[in-house]
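Novice: Dropping a structure here in structure tokens format, bear with me for questions.
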Amino acid sequence: MLVLGVESSCDETSVAIVKDGKEVLANIVLSQIDIHTKFGGVVPEVASRNHVYQVSLVFKEAFIKSGVKPEEIDVVAVTYAPGLIGSLLVGLTAAKTFALIYNKPIVGIHHLAGHIYANGIEHNMQFPAMALVVSGGNTELVYMKDNYEFEIIGETYDDAVGESYDKVARVLGLGYPGGPAVDKLAKEGKATYKLPHPYVDDYNFSFSGLKSAVINLVHNEEQRKNEIRKADLAASFQDVVTEILVNKTIKACKAYQVKNIIVAGGVSANSGLKARFNAINDGSYNINIPSIKYCTDNAAMIGVACYYKLQKKKDFANLSLNAYANLELA
Ligand code: KG4
């Protein structure tokens with residue numbers, strides 16, 4: 001099965017061609033990071049306009065790179081939710097236009113399902129599984145009893161973990177996107193600052209108190225004209241965040257008797273998170289984490305998710321498929 005994947009939910013325009021849910025024949029990702037860096041974050045209208053500018057180029061490049069002809073595509077998969085609405089609409093309209101011209105079926109994919117199934121490219125995903133979904137907009141623990149079954153058992157009450165990374169990066173003057181910069185700096189420091197460990201019920205999360213503690217600490221030290229050991233502060237923040245994420249995931253795995261862990265979303269690229277998962281694993285768990293290129297937004301993951309979705313159910317959309325800024329995965 002040849003799936004054409006299309007992803008445009010935020011600031012990456014991406015088109016991929018994936019064979020049988022595994023083999024990535026092309027995965028073209030045109031990032032707008034350089035454009036948004038000067039604003040310190042993604043500006044929705046600017047993102048939509050750049051998707052319009054880039055989308056046809058990315059389609060063309062995916063066919064050139066893969067050597068696949070448009071007529072050979074079996075199904076078109078497109079991210080329809082959640083995300084920036086203007087951005088989503090560009091990818092959705094492009095995908096529908098392609099489907100209409102070449103008379104191909106179309107499948108709508110939830111962006112977070114895409115992140116979860118990014119793991120299918122390099123791992124043999126097994127179920128039941130516990131998915132830790134950590135991105136710029138979401139932090140969720142998702143119990144997957146079987147393929148393409150999602151039950152959200154916990155989520156953040158406030159900031160998503162990637163969002164707190166970005167805000168901590170801003171106060172430390174590290175620019176945008178902040179996650180990779182904090183991660184890099186954390187490797188040079190030691191977790192010597194005492195930061196609060198938020199207590200949150202069950203499998204839920206809260207990162208705003210921790211983030212505010214870092215911001216207040218920086219402001220207080222600046223007012224007192226004290227030196228801030230930025231690398232140590234980054235390491236201290238990362239230490240608390242990764243401890244919370246890993247402990248909650250393991251707690252959920254024990255309660256749901258799950259041995260397969262899936263880590264998904266942009267923050268799954270975090271080196272501290274990977275190291276902590278590896279450190280706690282005494283062989284009891286099978287832990288799937290994508291390689292960096294599949295952690296952040298890309299269309300290959302959308303193509304893979306489509307393959308798995310169709311294994312579960314022939315759930316085709318029609319050309320009235322619309323985009324939604326907010327939509328639960330379950
Ligand atoms: O999943 P993603 O690419 O986009 C969505 O939010 O859907 O995630 C982006 C988020 C940003 O907040 C970024 O700072 C964070 O993932 N991120 C990281 C790392 N790489 C990306 N956070 C911590 N450590 C990283 N290495």
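Each chain in the structure tokens gets a letter, A, B and so on, in the order shown; residues start at 1 in every chain, and ligands are counted from 1 in the order they appear.
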I'd like the contact shell of range 39-41 of chain A - 12 Å cut-off, only C-alpha atoms, skipping same-chain residues fewer than 5 positions apart - returned as an NGL selection string.

Specialist: :A and (10-11 or 32-34 or 46-47 or 136 or 163 or 166-167 or 169-171 or 173-178)

Novice: So that I have them on file, write out the residues from the current selection with N, CA, C and O atoms, as a short mmCIF file (atom, residue, chain, number, x, y, z; two decimals), in the first residue's frame.

Specialist:
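Below you can see again-v7.cif, which holds the result:
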data_model
loop_
_atom_site.label_atom_id
_atom_site.label_comp_id
_atom_site.auth_asym_id
_atom_site.auth_seq_id
_atom_site.Cartn_x
_atom_site.Cartn_y
_atom_site.Cartn_z
N CYS A 10 1.38 22.96 11.95
CA CYS A 10 2.00 24.10 12.63
C CYS A 10 2.92 24.85 11.66
O CYS A 10 2.44 25.51 10.75
N ASP A 11 4.22 24.71 11.82
CA ASP A 11 5.12 25.49 10.96
C ASP A 11 6.02 24.62 10.09
O ASP A 11 7.03 25.08 9.60
N GLN A 32 9.71 26.20 8.79
CA GLN A 32 9.66 27.67 8.76
C GLN A 32 10.39 28.25 9.98
O GLN A 32 10.21 29.44 10.28
N ILE A 33 11.16 27.43 10.67
CA ILE A 33 11.77 27.88 11.93
C ILE A 33 12.49 29.22 11.77
O ILE A 33 12.31 30.13 12.57
N ASP A 34 13.27 29.35 10.70
CA ASP A 34 14.06 30.58 10.51
C ASP A 34 13.15 31.81 10.44
O ASP A 34 13.50 32.89 10.90
N VAL A 46 1.44 34.09 9.48
CA VAL A 46 2.70 33.93 8.72
C VAL A 46 2.88 32.46 8.34
O VAL A 46 3.27 32.12 7.21
N ALA A 47 2.55 31.57 9.29
CA ALA A 47 2.69 30.13 9.03
C ALA A 47 1.77 29.71 7.88
O ALA A 47 2.21 29.03 6.95
N GLY A 136 4.60 20.36 21.84
CA GLY A 136 4.49 21.77 22.19
C GLY A 136 3.09 22.13 22.68
O GLY A 136 2.91 23.08 23.42
N GLU A 163 5.80 23.41 25.71
CA GLU A 163 5.52 24.84 25.94
C GLU A 163 6.36 25.35 27.12
O GLU A 163 6.93 26.44 27.05
N ASP A 166 9.85 25.82 26.03
CA ASP A 166 10.01 27.03 25.21
C ASP A 166 10.03 28.29 26.08
O ASP A 166 10.80 29.22 25.82
N LYS A 167 9.20 28.30 27.15
CA LYS A 167 9.15 29.49 28.01
C LYS A 167 10.40 29.59 28.88
O LYS A 167 10.93 30.68 29.11
N ALA A 169 13.29 28.46 27.99
CA ALA A 169 14.34 28.87 27.05
C ALA A 169 14.31 30.38 26.85
O ALA A 169 15.36 31.04 26.79
N ARG A 170 13.10 30.93 26.76
CA ARG A 170 12.98 32.37 26.52
C ARG A 170 13.59 33.16 27.68
O ARG A 170 14.36 34.09 27.46
N VAL A 171 13.27 32.76 28.93
CA VAL A 171 13.79 33.51 30.07
C VAL A 171 15.32 33.34 30.19
O VAL A 171 16.01 34.22 30.72
N GLY A 173 17.16 33.27 27.62
CA GLY A 173 17.72 33.94 26.43
C GLY A 173 18.23 32.98 25.39
O GLY A 173 19.19 33.27 24.66
N LEU A 174 17.57 31.80 25.28
CA LEU A 174 18.08 30.77 24.35
C LEU A 174 17.37 30.76 23.00
O LEU A 174 17.70 29.96 22.14
N GLY A 175 16.35 31.60 22.85
CA GLY A 175 15.67 31.68 21.54
C GLY A 175 14.65 30.59 21.31
O GLY A 175 14.31 29.82 22.20
N TYR A 176 14.16 30.54 20.06
CA TYR A 176 13.09 29.62 19.68
C TYR A 176 13.57 28.69 18.56
O TYR A 176 14.29 29.17 17.68
N PRO A 177 13.17 27.42 18.51
CA PRO A 177 12.40 26.70 19.52
C PRO A 177 13.28 26.35 20.72
O PRO A 177 14.47 26.01 20.56
N GLY A 178 12.71 26.43 21.89
CA GLY A 178 13.50 26.38 23.11
C GLY A 178 13.92 24.99 23.55
O GLY A 178 14.98 24.83 24.16
#

Novice: Please, which residues have at least one atom within 6 Å of an atom of ligand 1, using only C-alpha atoms and all ligand atoms, listed as a compact mmCIF listing (two decimals) with all heavy atoms, in the first residue's frame?

Specialist:
# COMPACT_ATOMS: atom_id res chain seq x y z
N SER A 135 4.43 17.08 23.42
CA SER A 135 4.74 17.99 22.32
C SER A 135 4.62 19.43 22.80
O SER A 135 4.51 19.69 23.99
CB SER A 135 3.81 17.71 21.15
OG SER A 135 2.52 18.16 21.46
N GLY A 136 4.60 20.36 21.84
CA GLY A 136 4.49 21.77 22.19
C GLY A 136 3.09 22.13 22.68
O GLY A 136 2.91 23.08 23.42
N GLY A 137 2.09 21.35 22.26
CA GLY A 137 0.71 21.67 22.62
C GLY A 137 0.05 20.63 23.51
O GLY A 137 -1.03 20.87 24.03
N GLY A 162 6.37 20.77 26.20
CA GLY A 162 7.18 21.49 25.21
C GLY A 162 7.03 23.00 25.37
O GLY A 162 8.00 23.76 25.22
N GLU A 163 5.80 23.41 25.71
CA GLU A 163 5.52 24.84 25.94
C GLU A 163 6.36 25.35 27.12
O GLU A 163 6.93 26.44 27.05
CB GLU A 163 4.03 24.92 26.27
CG GLU A 163 3.42 26.26 26.38
CD GLU A 163 1.93 26.13 26.78
OE1 GLU A 163 1.38 25.00 26.87
OE2 GLU A 163 1.34 27.18 27.04
N TYR A 165 9.19 24.11 28.15
CA TYR A 165 10.58 24.17 27.67
C TYR A 165 10.81 25.48 26.91
O TYR A 165 11.82 26.15 27.08
CB TYR A 165 10.88 22.98 26.75
CG TYR A 165 11.62 21.86 27.44
CD1 TYR A 165 10.93 20.76 27.94
CD2 TYR A 165 12.99 21.90 27.60
CE1 TYR A 165 11.59 19.73 28.59
CE2 TYR A 165 13.67 20.87 28.24
CZ TYR A 165 12.97 19.79 28.73
OH TYR A 165 13.64 18.79 29.37
N ASP A 166 9.85 25.82 26.03
CA ASP A 166 10.01 27.03 25.21
C ASP A 166 10.03 28.29 26.08
O ASP A 166 10.80 29.22 25.82
CB ASP A 166 8.88 27.11 24.16
CG ASP A 166 9.00 26.00 23.12
OD1 ASP A 166 10.12 25.50 22.92
OD2 ASP A 166 7.98 25.62 22.52
N PRO A 177 13.17 27.42 18.51
CA PRO A 177 12.40 26.70 19.52
C PRO A 177 13.28 26.35 20.72
O PRO A 177 14.47 26.01 20.56
CB PRO A 177 11.94 25.45 18.79
CG PRO A 177 12.94 25.22 17.72
CD PRO A 177 13.54 26.56 17.37
N GLY A 178 12.71 26.43 21.89
CA GLY A 178 13.50 26.38 23.11
C GLY A 178 13.92 24.99 23.55
O GLY A 178 14.98 24.83 24.16
N GLY A 179 13.08 24.00 23.26
CA GLY A 179 13.34 22.65 23.77
C GLY A 179 14.74 22.14 23.44
O GLY A 179 15.51 21.80 24.36
N PRO A 180 15.11 22.13 22.16
CA PRO A 180 16.44 21.61 21.83
C PRO A 180 17.56 22.42 22.48
O PRO A 180 18.58 21.86 22.89
CB PRO A 180 16.51 21.74 20.30
CG PRO A 180 15.09 21.83 19.85
CD PRO A 180 14.31 22.44 20.96
N ASP A 183 17.77 21.52 26.19
CA ASP A 183 18.31 20.15 26.24
C ASP A 183 19.84 20.17 26.07
O ASP A 183 20.59 19.55 26.83
CB ASP A 183 17.64 19.34 25.11
CG ASP A 183 17.97 17.86 25.15
OD1 ASP A 183 18.56 17.41 26.15
OD2 ASP A 183 17.62 17.16 24.17
N GLY A 265 5.97 12.67 19.98
CA GLY A 265 5.88 14.14 19.99
C GLY A 265 7.26 14.76 20.06
O GLY A 265 8.25 14.08 20.33
N GLY A 266 7.31 16.07 19.82
CA GLY A 266 8.58 16.78 19.73
C GLY A 266 9.52 16.57 20.90
O GLY A 266 10.74 16.43 20.73
N VAL A 267 8.96 16.51 22.12
CA VAL A 267 9.82 16.38 23.31
C VAL A 267 10.42 14.97 23.42
O VAL A 267 11.35 14.75 24.20
CB VAL A 267 9.03 16.79 24.59
CG1 VAL A 267 9.92 16.77 25.82
CG2 VAL A 267 8.42 18.19 24.42
N ALA A 269 12.34 13.90 21.50
CA ALA A 269 13.72 14.09 21.03
C ALA A 269 14.66 14.43 22.19
O ALA A 269 15.87 14.48 22.02
CB ALA A 269 13.77 15.23 20.01
N ASN A 270 14.10 14.64 23.38
CA ASN A 270 14.91 15.10 24.51
C ASN A 270 15.88 14.02 25.00
O ASN A 270 15.47 12.90 25.32
CB ASN A 270 13.96 15.52 25.65
CG ASN A 270 14.72 16.15 26.79
OD1 ASN A 270 15.13 15.46 27.72
ND2 ASN A 270 14.92 17.45 26.73
N THR A 296 9.89 15.22 15.53
CA THR A 296 9.19 16.49 15.27
C THR A 296 8.26 16.30 14.06
O THR A 296 8.25 15.26 13.42
CB THR A 296 10.20 17.63 15.05
OG1 THR A 296 11.21 17.14 14.18
CG2 THR A 296 10.86 18.05 16.36
N ASP A 297 7.49 17.35 13.76
CA ASP A 297 6.43 17.21 12.76
C ASP A 297 6.95 16.78 11.38
O ASP A 297 7.89 17.38 10.86
CB ASP A 297 5.67 18.53 12.62
CG ASP A 297 4.84 18.83 13.86
OD1 ASP A 297 4.75 17.96 14.75
OD2 ASP A 297 4.30 19.94 13.95

Novice: Among range 33-201 of chain A, which residues does DSSP mark as alpha helix (DSSP H) when it is run on the backbone? Keep the chain and numbering as in the structure and answer as a ChimeraX atom specification.

Specialist: /A:33-37,44-66,85-102,111-117,119-122,161-171,178-186

Novice: Skipping near chain neighbours, those fewer than 6 positions away, what residues fall within 12 Å of Gly21 in chain A using only C-alpha atoms, listed as JSON, numbers by chain?

Specialist: {"A": [1, 2, 3, 4, 5, 75, 77, 114, 117, 118, 119, 120, 121, 122, 123, 124, 125, 300, 301, 302, 303, 304, 305, 306, 307, 308, 309, 310, 311]}

Novice: Store the residues of this selection in a file with C-alpha atoms, as an mmCIF file, in the first residue's frame.

Specialist:
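Below is the file that was written, out_34.cif:
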data_model
loop_
_atom_site.group_PDB
_atom_site.id
_atom_site.type_symbol
_atom_site.label_atom_id
_atom_site.label_comp_id
_atom_site.auth_asym_id
_atom_site.auth_seq_id
_atom_site.Cartn_x
_atom_site.Cartn_y
_atom_site.Cartn_z
ATOM 1 C CA MET A 1 0.000 0.000 0.000
ATOM 2 C CA LEU A 2 1.423 3.362 -1.055
ATOM 3 C CA VAL A 3 0.237 6.206 1.163
ATOM 4 C CA LEU A 4 0.742 9.869 0.380
ATOM 5 C CA GLY A 5 0.982 11.694 3.737
ATOM 6 C CA VAL A 75 -4.560 6.479 -0.508
ATOM 7 C CA ALA A 77 -3.617 10.674 4.391
ATOM 8 C CA GLY A 114 0.735 10.555 13.687
ATOM 9 C CA TYR A 117 2.777 5.909 14.860
ATOM 10 C CA ALA A 118 6.058 7.606 13.915
ATOM 11 C CA ASN A 119 7.408 4.746 16.013
ATOM 12 C CA GLY A 120 6.133 2.219 13.454
ATOM 13 C CA ILE A 121 8.885 3.244 11.024
ATOM 14 C CA GLU A 122 11.776 1.976 13.145
ATOM 15 C CA HIS A 123 10.087 -0.264 15.723
ATOM 16 C CA ASN A 124 7.792 -3.227 15.726
ATOM 17 C CA MET A 125 4.940 -1.621 17.662
ATOM 18 C CA ALA A 300 5.908 10.157 7.107
ATOM 19 C CA MET A 301 4.268 9.641 10.506
ATOM 20 C CA ILE A 302 0.906 10.594 8.974
ATOM 21 C CA GLY A 303 1.367 8.021 6.212
ATOM 22 C CA VAL A 304 2.281 5.337 8.759
ATOM 23 C CA ALA A 305 -0.681 6.198 11.017
ATOM 24 C CA CYS A 306 -2.986 5.895 8.002
ATOM 25 C CA TYR A 307 -1.709 2.387 7.273
ATOM 26 C CA TYR A 308 -2.389 1.293 10.875
ATOM 27 C CA LYS A 309 -5.770 3.053 10.922
ATOM 28 C CA LEU A 310 -6.854 1.144 7.820
ATOM 29 C CA GLN A 311 -5.694 -2.130 9.413
#

Novice: Could you list, as a list in words, every residue within 12 Å of Ala255 in chain A, counting only C-alpha atoms and ignoring same-chain residues fewer than 2 positions away?

Specialist: Met130, Tyr143, Ile153, Asp202, Tyr203, Lys248, Thr249, Ile250, Lys251, Ala252, Cys253, Gln257, Val258 and Lys259 of chain A

Novice: Could you please take those selected residues and save C-alpha atoms as an mmCIF file, in the first residue's frame?

Specialist:
data_model
loop_
_atom_site.group_PDB
_atom_site.id
_atom_site.type_symbol
_atom_site.label_atom_id
_atom_site.label_comp_id
_atom_site.auth_asym_id
_atom_site.auth_seq_id
_atom_site.Cartn_x
_atom_site.Cartn_y
_atom_site.Cartn_z
ATOM 1 C CA MET A 130 1.135 3.069 27.018
ATOM 2 C CA TYR A 143 -3.583 3.752 26.972
ATOM 3 C CA ILE A 153 -5.854 8.339 31.050
ATOM 4 C CA ASP A 202 -3.304 10.024 39.133
ATOM 5 C CA TYR A 203 -1.755 10.197 35.667
ATOM 6 C CA LYS A 248 4.031 8.730 35.716
ATOM 7 C CA THR A 249 4.485 6.534 32.643
ATOM 8 C CA ILE A 250 5.820 3.634 34.702
ATOM 9 C CA LYS A 251 3.059 4.074 37.291
ATOM 10 C CA ALA A 252 0.470 3.901 34.479
ATOM 11 C CA CYS A 253 2.157 0.845 32.926
ATOM 12 C CA GLN A 257 -0.270 -4.106 33.155
ATOM 13 C CA VAL A 258 1.444 -2.852 30.050
ATOM 14 C CA LYS A 259 4.971 -3.728 28.948
#

Novice: Using DSSP on the backbone, list every residue of range 48-286 of chain A that comes out as strand (DSSP E or B), and give them as a PyMOL selection string.

Specialist: chain A and resi 75-81+106-110+129-134+139-144+151-156+205+260-264+286

Novice: Residues within 9 Å of range 60-74 of chain A, please, as an mmCIF file with N, CA, C and O atoms, in the first residue's frame. Count only C-alpha atoms; anything in the same chain fewer than 5 positions from it doesn't count.

Specialist:
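The resulting file, result_15.cif, is shown below:
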data_model
loop_
_atom_site.group_PDB
_atom_site.id
_atom_site.type_symbol
_atom_site.label_atom_id
_atom_site.label_comp_id
_atom_site.auth_asym_id
_atom_site.auth_seq_id
_atom_site.Cartn_x
_atom_site.Cartn_y
_atom_site.Cartn_z
ATOM 1 N N MET A 1 0.843 -1.202 0.000
ATOM 2 C CA MET A 1 0.000 0.000 0.000
ATOM 3 C C MET A 1 0.882 1.258 0.000
ATOM 4 O O MET A 1 1.740 1.411 0.844
ATOM 5 N N LEU A 2 0.652 2.115 -0.985
ATOM 6 C CA LEU A 2 1.423 3.362 -1.055
ATOM 7 C C LEU A 2 0.551 4.504 -0.535
ATOM 8 O O LEU A 2 -0.504 4.801 -1.101
ATOM 9 N N VAL A 3 1.009 5.109 0.571
ATOM 10 C CA VAL A 3 0.237 6.206 1.163
ATOM 11 C C VAL A 3 0.975 7.523 0.930
ATOM 12 O O VAL A 3 2.183 7.628 1.161
ATOM 13 N N LEU A 4 0.205 8.513 0.483
ATOM 14 C CA LEU A 4 0.742 9.869 0.380
ATOM 15 C C LEU A 4 0.324 10.592 1.661
ATOM 16 O O LEU A 4 -0.866 10.746 1.933
ATOM 17 N N SER A 14 4.963 19.434 5.089
ATOM 18 C CA SER A 14 5.596 18.148 4.817
ATOM 19 C C SER A 14 4.700 17.224 3.996
ATOM 20 O O SER A 14 3.494 17.140 4.224
ATOM 21 N N VAL A 15 5.332 16.545 3.046
ATOM 22 C CA VAL A 15 4.651 15.536 2.228
ATOM 23 C C VAL A 15 5.552 14.305 2.190
ATOM 24 O O VAL A 15 6.769 14.431 2.013
ATOM 25 N N ALA A 16 4.956 13.136 2.391
ATOM 26 C CA ALA A 16 5.743 11.898 2.395
ATOM 27 C C ALA A 16 5.045 10.828 1.575
ATOM 28 O O ALA A 16 3.827 10.882 1.371
ATOM 29 N N ILE A 17 5.830 9.863 1.130
ATOM 30 C CA ILE A 17 5.258 8.679 0.481
ATOM 31 C C ILE A 17 5.786 7.469 1.241
ATOM 32 O O ILE A 17 7.011 7.299 1.389
ATOM 33 N N VAL A 24 9.848 4.405 4.197
ATOM 34 C CA VAL A 24 9.654 5.817 3.848
ATOM 35 C C VAL A 24 10.390 6.090 2.528
ATOM 36 O O VAL A 24 11.611 6.152 2.485
ATOM 37 N N LEU A 25 9.615 6.231 1.441
ATOM 38 C CA LEU A 25 10.232 6.443 0.125
ATOM 39 C C LEU A 25 10.616 7.909 -0.065
ATOM 40 O O LEU A 25 11.525 8.235 -0.808
ATOM 41 N N ALA A 26 9.877 8.791 0.603
ATOM 42 C CA ALA A 26 10.223 10.225 0.602
ATOM 43 C C ALA A 26 9.565 10.838 1.825
ATOM 44 O O ALA A 26 8.472 10.424 2.230
ATOM 45 N N ASN A 27 10.245 11.790 2.443
ATOM 46 C CA ASN A 27 9.670 12.511 3.589
ATOM 47 C C ASN A 27 10.239 13.929 3.512
ATOM 48 O O ASN A 27 11.267 14.228 4.097
ATOM 49 N N ILE A 28 9.570 14.765 2.754
ATOM 50 C CA ILE A 28 10.078 16.126 2.529
ATOM 51 C C ILE A 28 9.487 17.046 3.602
ATOM 52 O O ILE A 28 8.269 17.107 3.764
ATOM 53 N N VAL A 55 3.579 24.524 -0.249
ATOM 54 C CA VAL A 55 2.975 23.192 -0.308
ATOM 55 C C VAL A 55 3.131 22.493 -1.666
ATOM 56 O O VAL A 55 3.448 21.304 -1.725
ATOM 57 N N PHE A 98 -5.449 16.870 -4.576
ATOM 58 C CA PHE A 98 -4.727 15.731 -5.157
ATOM 59 C C PHE A 98 -5.677 14.528 -5.282
ATOM 60 O O PHE A 98 -5.743 13.867 -6.326
ATOM 61 N N TYR A 102 -6.713 12.797 -8.893
ATOM 62 C CA TYR A 102 -6.282 11.427 -9.214
ATOM 63 C C TYR A 102 -7.291 10.371 -8.764
ATOM 64 O O TYR A 102 -6.996 9.175 -8.815
ATOM 65 N N ASN A 103 -8.442 10.837 -8.288
ATOM 66 C CA ASN A 103 -9.511 9.929 -7.873
ATOM 67 C C ASN A 103 -9.030 8.896 -6.832
ATOM 68 O O ASN A 103 -9.167 7.686 -7.029
ATOM 69 N N LYS A 104 -8.449 9.403 -5.742
ATOM 70 C CA LYS A 104 -7.913 8.534 -4.683
ATOM 71 C C LYS A 104 -8.734 8.704 -3.411
ATOM 72 O O LYS A 104 -9.230 9.802 -3.128
ATOM 73 N N PRO A 105 -8.836 7.637 -2.601
ATOM 74 C CA PRO A 105 -9.525 7.775 -1.315
ATOM 75 C C PRO A 105 -8.693 8.619 -0.350
ATOM 76 O O PRO A 105 -7.469 8.697 -0.476
#

Novice: Between CA of Tyr157 in chain A and CA of Val200 in chain A, what is the spacing in Å?

Specialist: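 Interatomic distance here is 9.0 Å.
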
Novice: Return the single residue from A:Ala99, A:Leu233, A:Ile35, A:Ala323 that is closest to Ile215 in chain A, with distances computed using only C-alpha atoms.

Specialist: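 Of A:Ala99, A:Leu233, A:Ile35, A:Ala323, the one nearest Ile215 in chain A is A:Leu233, counting only C-alpha atoms.
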
Novice: Quick one: residues within 10 Å of Leu217 in chain A, only C-alpha atoms counted, chain neighbours fewer than 4 positions away excluded, as number ranges by chain?

Specialist: A: 193, 195, 211-213, 221-223, 228, 233

Novice: Which value, in Å to one decimal, gives the distance between CA of Tyr199 in chain A and CA of Ile289 in chain A?

Specialist: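 So the two atoms, CA of Tyr199 in chain A and CA of Ile289 in chain A, lie 26.2 Å apart.
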
Novice: Tell me, as a PyMOL selection string, which residues lie within 10 Å of range 80-97 of chain A, counting only C-alpha atoms; anything in the same chain fewer than 6 positions away does not count.

Specialist: chain A and resi 4-15+42-53+55-56+59+103-112+137+318-329

Novice: Measuring between only C-alpha atoms, which one of A:Gln238, A:Ser284, A:Thr156, A:Asn226 shows the shortest distance to Val133 in chain A?

Specialist: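 Of all the options, A:Thr156 lies closest to Val133 in chain A.
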
Novice: As an exercise, work out the distance from CA of Ile152 in chain A to CA of Ile262 in chain A in Å and give it to one decimal place.

Specialist: 13.7 Å

Novice: Between A:Asp158, A:Phe207, A:Ala131, A:Leu100, single out the one closest to Asn286 in chain A, counting only C-alpha atoms.

Specialist: A:Ala131
